[in-house]
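Listing of target.cif, mmCIF, C-alpha atoms and all ligand atoms
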data_run
loop_
_atom_site.group_PDB
_atom_site.id
_atom_site.type_symbol
_atom_site.label_atom_id
_atom_site.label_comp_id
_atom_site.auth_asym_id
_atom_site.auth_seq_id
_atom_site.Cartn_x
_atom_site.Cartn_y
_atom_site.Cartn_z
ATOM 1 C CA MET I 1 8.391 9.047 19.281
ATOM 2 C CA ALA I 2 6.700 12.404 19.895
ATOM 3 C CA GLN I 3 3.815 12.758 17.481
ATOM 4 C CA GLY I 4 2.404 16.082 18.732
ATOM 5 C CA ASN I 5 1.376 18.135 15.730
ATOM 6 C CA ILE I 6 2.376 15.681 13.008
ATOM 7 C CA LYS I 7 -0.199 15.630 10.219
ATOM 8 C CA ARG I 8 -0.377 12.004 9.279
ATOM 9 C CA LYS I 9 -3.913 11.072 8.404
ATOM 10 C CA PRO I 10 -4.339 7.310 8.561
ATOM 11 C CA LEU I 11 -4.902 5.458 5.307
ATOM 12 C CA VAL I 12 -6.614 2.144 4.646
ATOM 13 C CA VAL I 13 -6.099 0.568 1.222
ATOM 14 C CA GLY I 14 -8.017 -2.450 -0.090
ATOM 15 C CA ASN I 15 -6.016 -4.580 -2.532
ATOM 16 C CA TRP I 16 -8.553 -6.815 -4.246
ATOM 17 C CA LYS I 17 -5.804 -8.704 -6.135
ATOM 18 C CA MET I 18 -7.196 -10.990 -8.898
ATOM 19 C CA ASN I 19 -10.666 -11.339 -7.405
ATOM 20 C CA THR I 20 -14.265 -10.432 -8.332
ATOM 21 C CA THR I 21 -16.413 -10.678 -11.423
ATOM 22 C CA ALA I 22 -17.897 -7.440 -12.787
ATOM 23 C CA ASP I 23 -21.082 -7.832 -10.752
ATOM 24 C CA GLU I 24 -19.224 -8.801 -7.593
ATOM 25 C CA ALA I 25 -16.878 -5.836 -7.966
ATOM 26 C CA ILE I 26 -19.697 -3.338 -8.301
ATOM 27 C CA GLU I 27 -21.627 -4.893 -5.433
ATOM 28 C CA LEU I 28 -18.534 -4.820 -3.212
ATOM 29 C CA ALA I 29 -17.761 -1.185 -4.048
ATOM 30 C CA ARG I 30 -21.395 -0.226 -3.386
ATOM 31 C CA SER I 31 -21.420 -1.988 -0.036
ATOM 32 C CA ILE I 32 -18.175 -0.283 0.964
ATOM 33 C CA THR I 33 -19.559 3.148 0.114
ATOM 34 C CA THR I 34 -22.675 2.544 2.215
ATOM 35 C CA ASP I 35 -22.282 4.233 5.646
ATOM 36 C CA ILE I 36 -18.716 5.196 4.962
ATOM 37 C CA GLY I 37 -19.562 8.751 3.918
ATOM 38 C CA ALA I 38 -19.335 9.906 7.505
ATOM 39 C CA ILE I 39 -15.721 8.810 7.990
ATOM 40 C CA ILE I 40 -13.422 11.719 7.348
ATOM 41 C CA GLU I 41 -10.622 10.900 9.801
ATOM 42 C CA THR I 42 -9.194 8.227 7.518
ATOM 43 C CA ASP I 43 -8.250 8.175 3.839
ATOM 44 C CA ILE I 44 -9.701 5.153 2.036
ATOM 45 C CA VAL I 45 -8.496 3.674 -1.255
ATOM 46 C CA ILE I 46 -9.710 0.613 -3.147
ATOM 47 C CA CYS I 47 -7.601 -1.136 -5.778
ATOM 48 C CA PRO I 48 -9.767 -3.381 -7.957
ATOM 49 C CA PRO I 49 -8.441 -5.343 -10.946
ATOM 50 C CA PHE I 50 -7.661 -3.115 -13.959
ATOM 51 C CA VAL I 51 -10.765 -4.177 -15.902
ATOM 52 C CA TRP I 52 -13.129 -2.921 -13.191
ATOM 53 C CA LEU I 53 -11.457 0.439 -12.592
ATOM 54 C CA SER I 54 -13.798 2.322 -14.879
ATOM 55 C CA PRO I 55 -17.138 0.996 -13.556
ATOM 56 C CA ILE I 56 -15.905 1.353 -9.988
ATOM 57 C CA ALA I 57 -14.789 4.916 -10.605
ATOM 58 C CA SER I 58 -18.475 5.638 -11.304
ATOM 59 C CA VAL I 59 -19.675 3.839 -8.172
ATOM 60 C CA ILE I 60 -17.381 5.841 -5.869
ATOM 61 C CA THR I 61 -17.906 9.254 -7.484
ATOM 62 C CA ASN I 62 -19.028 11.736 -4.842
ATOM 63 C CA THR I 63 -17.767 9.594 -1.984
ATOM 64 C CA SER I 64 -14.558 10.030 -0.002
ATOM 65 C CA ILE I 65 -13.202 6.730 -1.366
ATOM 66 C CA LYS I 66 -10.351 6.998 -3.871
ATOM 67 C CA LEU I 67 -9.329 4.675 -6.657
ATOM 68 C CA GLY I 68 -6.005 2.885 -6.956
ATOM 69 C CA ALA I 69 -4.437 0.354 -9.340
ATOM 70 C CA GLN I 70 -2.407 -2.718 -8.456
ATOM 71 C CA ASN I 71 0.481 -2.122 -10.876
ATOM 72 C CA LEU I 72 1.671 0.054 -13.772
ATOM 73 C CA HIS I 73 4.336 0.029 -16.478
ATOM 74 C CA TRP I 74 7.251 2.454 -16.373
ATOM 75 C CA GLU I 75 7.017 3.501 -20.031
ATOM 76 C CA ASP I 76 4.440 5.981 -21.355
ATOM 77 C CA LYS I 77 3.284 3.826 -24.255
ATOM 78 C CA GLY I 78 4.473 1.371 -26.872
ATOM 79 C CA ALA I 79 4.877 -2.295 -27.672
ATOM 80 C CA TYR I 80 4.358 -3.748 -24.171
ATOM 81 C CA THR I 81 1.598 -6.286 -24.658
ATOM 82 C CA GLY I 82 -0.607 -6.688 -21.636
ATOM 83 C CA GLU I 83 0.771 -3.681 -19.758
ATOM 84 C CA ILE I 84 -0.936 -0.522 -18.469
ATOM 85 C CA SER I 85 0.623 2.947 -18.371
ATOM 86 C CA ALA I 86 0.450 5.617 -15.706
ATOM 87 C CA ARG I 87 -1.454 7.885 -18.097
ATOM 88 C CA MET I 88 -4.108 5.205 -18.666
ATOM 89 C CA LEU I 89 -4.552 4.906 -14.916
ATOM 90 C CA LYS I 90 -4.919 8.668 -14.569
ATOM 91 C CA ASP I 91 -7.446 8.756 -17.405
ATOM 92 C CA VAL I 92 -9.615 6.154 -15.736
ATOM 93 C CA GLY I 93 -9.612 8.071 -12.443
ATOM 94 C CA CYS I 94 -6.855 6.464 -10.377
ATOM 95 C CA GLU I 95 -5.044 8.555 -7.791
ATOM 96 C CA TYR I 96 -2.948 5.787 -6.256
ATOM 97 C CA VAL I 97 -0.964 2.818 -7.519
ATOM 98 C CA ILE I 98 0.536 -0.154 -5.669
ATOM 99 C CA ILE I 99 4.133 -0.823 -6.723
ATOM 100 C CA GLY I 100 6.379 -3.802 -5.954
ATOM 101 C CA HIS I 101 3.857 -6.002 -4.182
ATOM 102 C CA SER I 102 5.582 -9.213 -3.079
ATOM 103 C CA GLU I 103 3.298 -11.253 -5.364
ATOM 104 C CA ARG I 104 4.610 -9.247 -8.334
ATOM 105 C CA ARG I 105 8.164 -9.739 -7.136
ATOM 106 C CA GLN I 106 7.623 -13.458 -6.539
ATOM 107 C CA TYR I 107 5.554 -14.487 -9.595
ATOM 108 C CA PHE I 108 6.238 -11.827 -12.229
ATOM 109 C CA GLY I 109 9.913 -11.040 -11.861
ATOM 110 C CA GLU I 110 9.488 -7.563 -10.380
ATOM 111 C CA THR I 111 12.832 -6.311 -9.081
ATOM 112 C CA ASP I 112 13.979 -3.378 -7.000
ATOM 113 C CA GLN I 113 15.111 -1.791 -10.277
ATOM 114 C CA SER I 114 11.683 -2.075 -11.906
ATOM 115 C CA VAL I 115 10.085 -0.822 -8.699
ATOM 116 C CA ASN I 116 12.384 2.198 -8.851
ATOM 117 C CA GLN I 117 11.437 2.941 -12.474
ATOM 118 C CA LYS I 118 7.724 2.517 -11.781
ATOM 119 C CA LEU I 119 7.957 4.710 -8.706
ATOM 120 C CA LYS I 120 9.486 7.558 -10.694
ATOM 121 C CA LYS I 121 6.886 7.166 -13.455
ATOM 122 C CA ALA I 122 4.040 7.262 -10.945
ATOM 123 C CA ILE I 123 5.369 10.515 -9.486
ATOM 124 C CA ASP I 124 5.748 12.059 -12.983
ATOM 125 C CA ALA I 125 2.133 11.150 -13.690
ATOM 126 C CA GLU I 126 0.954 12.547 -10.330
ATOM 127 C CA LEU I 127 -0.175 9.180 -9.057
ATOM 128 C CA THR I 128 0.578 8.429 -5.406
ATOM 129 C CA PRO I 129 2.752 5.309 -5.258
ATOM 130 C CA ILE I 130 2.270 2.750 -2.494
ATOM 131 C CA VAL I 131 5.644 1.023 -2.462
ATOM 132 C CA CYS I 132 5.621 -2.442 -0.881
ATOM 133 C CA LEU I 133 8.502 -4.188 0.784
ATOM 134 C CA GLY I 134 8.875 -7.076 3.188
ATOM 135 C CA GLU I 135 10.902 -10.133 4.129
ATOM 136 C CA SER I 136 10.269 -13.854 3.627
ATOM 137 C CA LEU I 137 9.962 -16.319 6.507
ATOM 138 C CA GLN I 138 13.427 -17.641 5.689
ATOM 139 C CA ASP I 139 14.890 -14.146 5.983
ATOM 140 C CA ARG I 140 13.130 -13.572 9.283
ATOM 141 C CA GLU I 141 14.244 -16.873 10.742
ATOM 142 C CA ALA I 142 17.828 -16.189 9.682
ATOM 143 C CA ASN I 143 17.698 -12.767 11.401
ATOM 144 C CA ARG I 144 18.089 -11.011 8.081
ATOM 145 C CA THR I 145 14.921 -8.895 8.301
ATOM 146 C CA ASN I 146 16.580 -5.556 9.019
ATOM 147 C CA ALA I 147 19.328 -6.041 6.432
ATOM 148 C CA LEU I 148 16.824 -7.082 3.784
ATOM 149 C CA ILE I 149 14.417 -4.208 4.457
ATOM 150 C CA THR I 150 17.296 -1.711 4.437
ATOM 151 C CA ASN I 151 18.518 -3.108 1.140
ATOM 152 C CA GLN I 152 15.085 -3.045 -0.477
ATOM 153 C CA PHE I 153 14.475 0.486 0.753
ATOM 154 C CA ASN I 154 17.788 1.786 -0.547
ATOM 155 C CA ASN I 155 17.362 0.104 -3.944
ATOM 156 C CA ASP I 156 13.676 0.892 -4.414
ATOM 157 C CA PHE I 157 14.247 4.564 -3.591
ATOM 158 C CA GLU I 158 17.601 5.021 -5.264
ATOM 159 C CA GLY I 159 17.970 8.536 -6.686
ATOM 160 C CA PHE I 160 14.557 9.472 -5.307
ATOM 161 C CA THR I 161 13.785 12.592 -3.294
ATOM 162 C CA ASP I 162 9.992 13.148 -3.424
ATOM 163 C CA PHE I 163 9.298 11.337 -0.187
ATOM 164 C CA GLU I 164 6.399 13.608 0.703
ATOM 165 C CA LYS I 165 4.528 12.097 -2.263
ATOM 166 C CA VAL I 166 5.026 8.473 -1.310
ATOM 167 C CA ILE I 167 3.340 5.844 0.817
ATOM 168 C CA ILE I 168 5.313 2.852 2.036
ATOM 169 C CA ALA I 169 3.746 -0.518 2.876
ATOM 170 C CA TYR I 170 5.547 -3.066 5.002
ATOM 171 C CA GLU I 171 4.183 -6.491 4.130
ATOM 172 C CA PRO I 172 6.054 -9.443 5.628
ATOM 173 C CA ILE I 173 5.607 -12.168 3.006
ATOM 174 C CA TRP I 174 4.987 -14.826 5.637
ATOM 175 C CA ALA I 175 1.961 -12.878 6.914
ATOM 176 C CA ILE I 176 0.227 -12.402 3.547
ATOM 177 C CA GLY I 177 -2.894 -14.516 3.129
ATOM 178 C CA THR I 178 -1.705 -16.921 5.808
ATOM 179 C CA GLY I 179 -3.704 -15.723 8.780
ATOM 180 C CA LYS I 180 -0.367 -15.178 10.576
ATOM 181 C CA THR I 181 -0.197 -11.495 11.401
ATOM 182 C CA ALA I 182 3.007 -9.951 12.598
ATOM 183 C CA THR I 183 2.558 -9.028 16.233
ATOM 184 C CA ALA I 184 2.142 -5.314 16.833
ATOM 185 C CA GLU I 185 5.707 -5.287 18.263
ATOM 186 C CA GLN I 186 7.215 -7.124 15.287
ATOM 187 C CA ALA I 187 5.497 -4.761 12.870
ATOM 188 C CA GLN I 188 6.477 -1.655 14.856
ATOM 189 C CA GLU I 189 10.100 -2.771 14.908
ATOM 190 C CA VAL I 190 10.259 -2.751 11.109
ATOM 191 C CA HIS I 191 8.144 0.408 10.823
ATOM 192 C CA GLY I 192 10.564 2.077 13.236
ATOM 193 C CA LEU I 193 13.467 0.977 11.042
ATOM 194 C CA LEU I 194 11.706 2.397 7.972
ATOM 195 C CA ARG I 195 11.135 5.685 9.809
ATOM 196 C CA GLU I 196 14.845 5.810 10.585
ATOM 197 C CA LEU I 197 15.751 5.062 6.948
ATOM 198 C CA LEU I 198 13.414 7.865 5.903
ATOM 199 C CA ARG I 199 15.046 10.191 8.426
ATOM 200 C CA GLN I 200 18.347 9.652 6.638
ATOM 201 C CA LYS I 201 16.724 10.796 3.379
ATOM 202 C CA THR I 202 14.339 13.615 4.238
ATOM 203 C CA ASP I 203 13.496 16.193 6.901
ATOM 204 C CA GLY I 204 9.858 15.270 6.332
ATOM 205 C CA TYR I 205 10.427 11.673 7.502
ATOM 206 C CA ASN I 206 7.774 11.908 10.167
ATOM 207 C CA GLU I 207 5.036 12.795 7.713
ATOM 208 C CA VAL I 208 5.445 9.794 5.423
ATOM 209 C CA ARG I 209 2.693 7.250 5.970
ATOM 210 C CA ILE I 210 3.897 3.697 6.537
ATOM 211 C CA LEU I 211 1.189 1.054 6.164
ATOM 212 C CA TYR I 212 1.238 -2.473 7.504
ATOM 213 C CA GLY I 213 -0.109 -5.361 5.398
ATOM 214 C CA GLY I 214 -0.433 -9.082 6.070
ATOM 215 C CA SER I 215 -3.580 -10.751 7.457
ATOM 216 C CA VAL I 216 -5.046 -7.510 8.796
ATOM 217 C CA LYS I 217 -8.517 -8.269 10.183
ATOM 218 C CA PRO I 218 -11.057 -6.358 12.261
ATOM 219 C CA LYS I 219 -9.812 -8.205 15.369
ATOM 220 C CA ASN I 220 -6.135 -7.207 15.082
ATOM 221 C CA ALA I 221 -6.464 -3.751 13.490
ATOM 222 C CA ALA I 222 -6.779 -1.788 16.752
ATOM 223 C CA ASP I 223 -3.632 -3.294 18.279
ATOM 224 C CA LEU I 224 -1.555 -2.683 15.177
ATOM 225 C CA ILE I 225 -2.744 0.872 14.605
ATOM 226 C CA ALA I 226 -1.892 1.759 18.209
ATOM 227 C CA GLN I 227 1.813 1.491 17.313
ATOM 228 C CA PRO I 228 3.524 4.860 16.801
ATOM 229 C CA ASP I 229 4.844 4.189 13.293
ATOM 230 C CA ILE I 230 1.909 2.251 11.850
ATOM 231 C CA ASN I 231 -0.158 4.779 9.938
ATOM 232 C CA GLY I 232 -2.694 2.544 8.238
ATOM 233 C CA PHE I 233 -3.131 -0.744 6.421
ATOM 234 C CA LEU I 234 -2.853 -2.448 3.073
ATOM 235 C CA VAL I 235 -5.583 -5.060 3.295
ATOM 236 C CA GLY I 236 -5.990 -8.102 1.028
ATOM 237 C CA GLY I 237 -8.507 -10.805 1.960
ATOM 238 C CA ALA I 238 -10.508 -8.711 4.428
ATOM 239 C CA SER I 239 -10.994 -5.952 1.823
ATOM 240 C CA LEU I 240 -13.161 -8.379 -0.194
ATOM 241 C CA LYS I 241 -15.763 -8.383 2.578
ATOM 242 C CA ALA I 242 -17.363 -4.964 2.892
ATOM 243 C CA LYS I 243 -18.268 -5.563 6.542
ATOM 244 C CA ASP I 244 -14.700 -6.473 7.529
ATOM 245 C CA PHE I 245 -13.126 -3.698 5.467
ATOM 246 C CA LYS I 246 -15.413 -1.129 7.078
ATOM 247 C CA ALA I 247 -14.718 -2.548 10.540
ATOM 248 C CA ILE I 248 -10.979 -2.086 9.899
ATOM 249 C CA ILE I 249 -11.558 1.498 8.752
ATOM 250 C CA LYS I 250 -13.556 2.164 11.915
ATOM 251 C CA ALA I 251 -10.795 0.686 14.093
ATOM 252 C CA VAL I 252 -8.284 3.030 12.448
ATOM 253 C CA SER I 253 -10.388 6.193 12.525
ATOM 254 C CA GLY I 254 -9.749 8.405 15.463
ATOM 255 C CA LYS I 255 -6.002 7.756 15.615
ATOM 256 C CA ASP I 256 -3.895 10.961 15.362
HETATM 257 P P1 LIG C 1 -3.925 -10.374 3.193
HETATM 258 O O1 LIG C 1 -4.586 -9.245 3.944
HETATM 259 O O2 LIG C 1 -4.904 -11.254 2.469
HETATM 260 O O3 LIG C 1 -2.942 -11.112 4.032
HETATM 261 O O4 LIG C 1 -3.071 -9.682 2.017
HETATM 262 C C1 LIG C 1 -2.196 -8.660 2.321
HETATM 263 C C2 LIG C 1 -1.742 -8.050 1.064
HETATM 264 O O5 LIG C 1 -0.976 -8.646 0.329
HETATM 265 C C3 LIG C 1 -2.256 -6.725 0.703
HETATM 266 O O6 LIG C 1 -1.568 -6.181 -0.363
#
So that I can check it, write out the structure of this file as structure tokens.
Amino acid sequence: MAQGNIKRKPLVVGNWKMNTTADEAIELARSITTDIGAIIETDIVICPPFVWLSPIASVITNTSIKLGAQNLHWEDKGAYTGEISARMLKDVGCEYVIIGHSERRQYFGETDQSVNQKLKKAIDAELTPIVCLGESLQDREANRTNALITNQFNNDFEGFTDFEKVIIAYEPIWAIGTGKTATAEQAQEVHGLLRELLRQKTDGYNEVRILYGGSVKPKNAADLIAQPDINGFLVGGASLKAKDFKAIIKAVSGKD
């Protein structure tokens, strides 16, 4: 695919999941900010647990690192015990929010319909949604990957047109936390499919950033990012080690 003058700045997102104590979170954020000031070729986002968003917002003030949340609720407010609204996330300094992570789909009953509602709420609140999709090992082995991704994409983005405001993350479930990364070719195949699905929805399909997630490490980041439709990473385990997270950012920086 010709990339020529496409403006698609790479993005690396750290999803800390349900990890870190208060002290560990602050220490991790501080270590990430150290030496990272010079990197301007890549957008960087960290998504700590909700309870550390506020202290971490202070740690990353005046750095190029942005704050993201791992989930949100689709209503503005009300009797939804344990939930967090888009407005709350904005108030605490978030600019991004992960939506539809496979762990939320698998353990907390998240569906394509709830993803769709959350996506629209994030856009209303001017948060940038990072919408996750991906197939299970069973789906892959049964050659259902393309059908499943197409289905998720169509359902997650039903009635949606603001594609220039969205980030998509392809995370094959079998590669998450397992140490089994998709090969660069396997990942590119699905990213290429997502680019094609975007093309059917918007003229700006080439500008949408599509991230890969699933056992991204410093040693495989360069190979993956060299693929034409991989525009950055959603990193789990390696984002909890400042050294590894920064090494991934460095591997990505410099790509058009
Ligand atoms: P790992 O990088 O630990 O495989 O996690 C990927 C992920 O789920 C990021 O959201």
Would you kindly identify which residues have an atom no farther than 8 Å from (1.3, -1.9, 14.8), using only C-alpha atoms and the file's own coordinates, and write them out as a list in words?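 These residues have at least one counted atom within 8 Å: Thr183, Ala184, Glu185, Gln186, Ala187, Gln188, Tyr212, Asp223, Leu224, Ile225, Ala226, Gln227, Pro228, Asp229 and Ile230 of chain I.
Evaluated against the shown file, the PyMOL selection byres (((chain I and resi 167) around 6) and not hetatm) gives Ile130, Val166, Ile168 and Arg209 of chain I.
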Would you kindly translate the PyMOL selection byres (((chain I and resi 211) around 12) and not hetatm) into the concrete residues it picks from this file, as a PyMOL selection string? chain I and resi 8-14+98+130-134+166-172+187-188+190-192+194-195+208-210+212-214+216+221+224-225+227-235+252
Kindly provide, as JSON, the centre and edge lengths (Å, one decimal) of an axis-aligned box around all atoms of ligand LIG 1 (chain C) given in the file, with 3 Å on each side.
{"center_x": -2.9, "center_y": -8.7, "center_z": 1.8, "size_x": 9.9, "size_y": 11.1, "size_z": 10.4}
Within 10 Å of segment 49-71 of chain I: each segment 120-173 of chain I residue with its shortest pair, only C-alpha atoms, as CSV:
residue,atom,partner,partner_atom,distance
I:Leu127,CA,I:Gly68,CA,8.8
I:Thr128,CA,I:Gly68,CA,8.7
I:Pro129,CA,I:Gly68,CA,9.2
I:Ile130,CA,I:Gln70,CA,9.3
Generate the output file for the selected residues, C-alpha atoms, as a JSON list (two decimals), in the coordinates of the input.
[["chain", "number", "residue", "atom", "x", "y", "z"],
["I", 127, "LEU", "CA", -0.18, 9.18, -9.06],
["I", 128, "THR", "CA", 0.58, 8.43, -5.41],
["I", 129, "PRO", "CA", 2.75, 5.31, -5.26],
["I", 130, "ILE", "CA", 2.27, 2.75, -2.49]]
Could you give me, as a ChimeraX atom specification, the residues within 12 Å of Lys246 of chain I, counting all atoms listed in the file and dropping anything in the same chain fewer than 4 positions from it? /I:12-14,28-29,31-39,42,44-46,65,217-218,221,235,238-242,250-253
With distances taken over only C-alpha atoms, which residue among I:Thr181, I:Ile99, I:Leu193, I:Phe163 lies nearest Ala147 of chain I?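 The answer is I:Leu193, which sits nearest to Ala147 of chain I.
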With distances taken over only C-alpha atoms, which of I:Glu103, I:Glu110, I:Asp162, I:Glu189 is nearest to Asn15 of chain I?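 Comparing I:Glu103, I:Glu110, I:Asp162, I:Glu189 against Asn15 of chain I, the winner is I:Glu103.
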Hits of the PyMOL selection byres (((chain I and resi 121) around 12) and not hetatm) in this structure, as a ChimeraX atom specification: /I:71-77,85-87,89-90,97,99,114-120,122-129,160
Interatomic distance (Å, one decimal) between atom CA of Asp244 of chain I and atom CA of Arg105 of chain I: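 Going from atom CA of Asp244 of chain I over to atom CA of Arg105 of chain I covers 27.4 Å.
In this comparison, which uses all atoms listed in the file, the residue of I:Ile40, I:Cys94, I:Met18, I:Ala142 approaching ligand LIG 1 (chain C) most closely is I:Met18.
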Let me make sure I understand: among I:Ser136, I:Asn143, I:Thr178, I:Gln113, which one has the smallest atom-to-atom distance to Gly100 of chain I if we use all atoms listed in the file?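 Between I:Ser136, I:Asn143, I:Thr178, I:Gln113, the residue approaching Gly100 of chain I most closely is I:Gln113.
Shortest separation to ligand LIG 1 (chain C) among I:Lys17, I:Tyr107, I:Asn146, I:Asn206 occurs at residue I:Lys17, atoms counted being all atoms listed in the file.
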So the first atom is atom CA of Lys165 of chain I and the second is atom CA of Asn19 of chain I; what is the distance between them in Å, to one decimal place? 28.4 Å
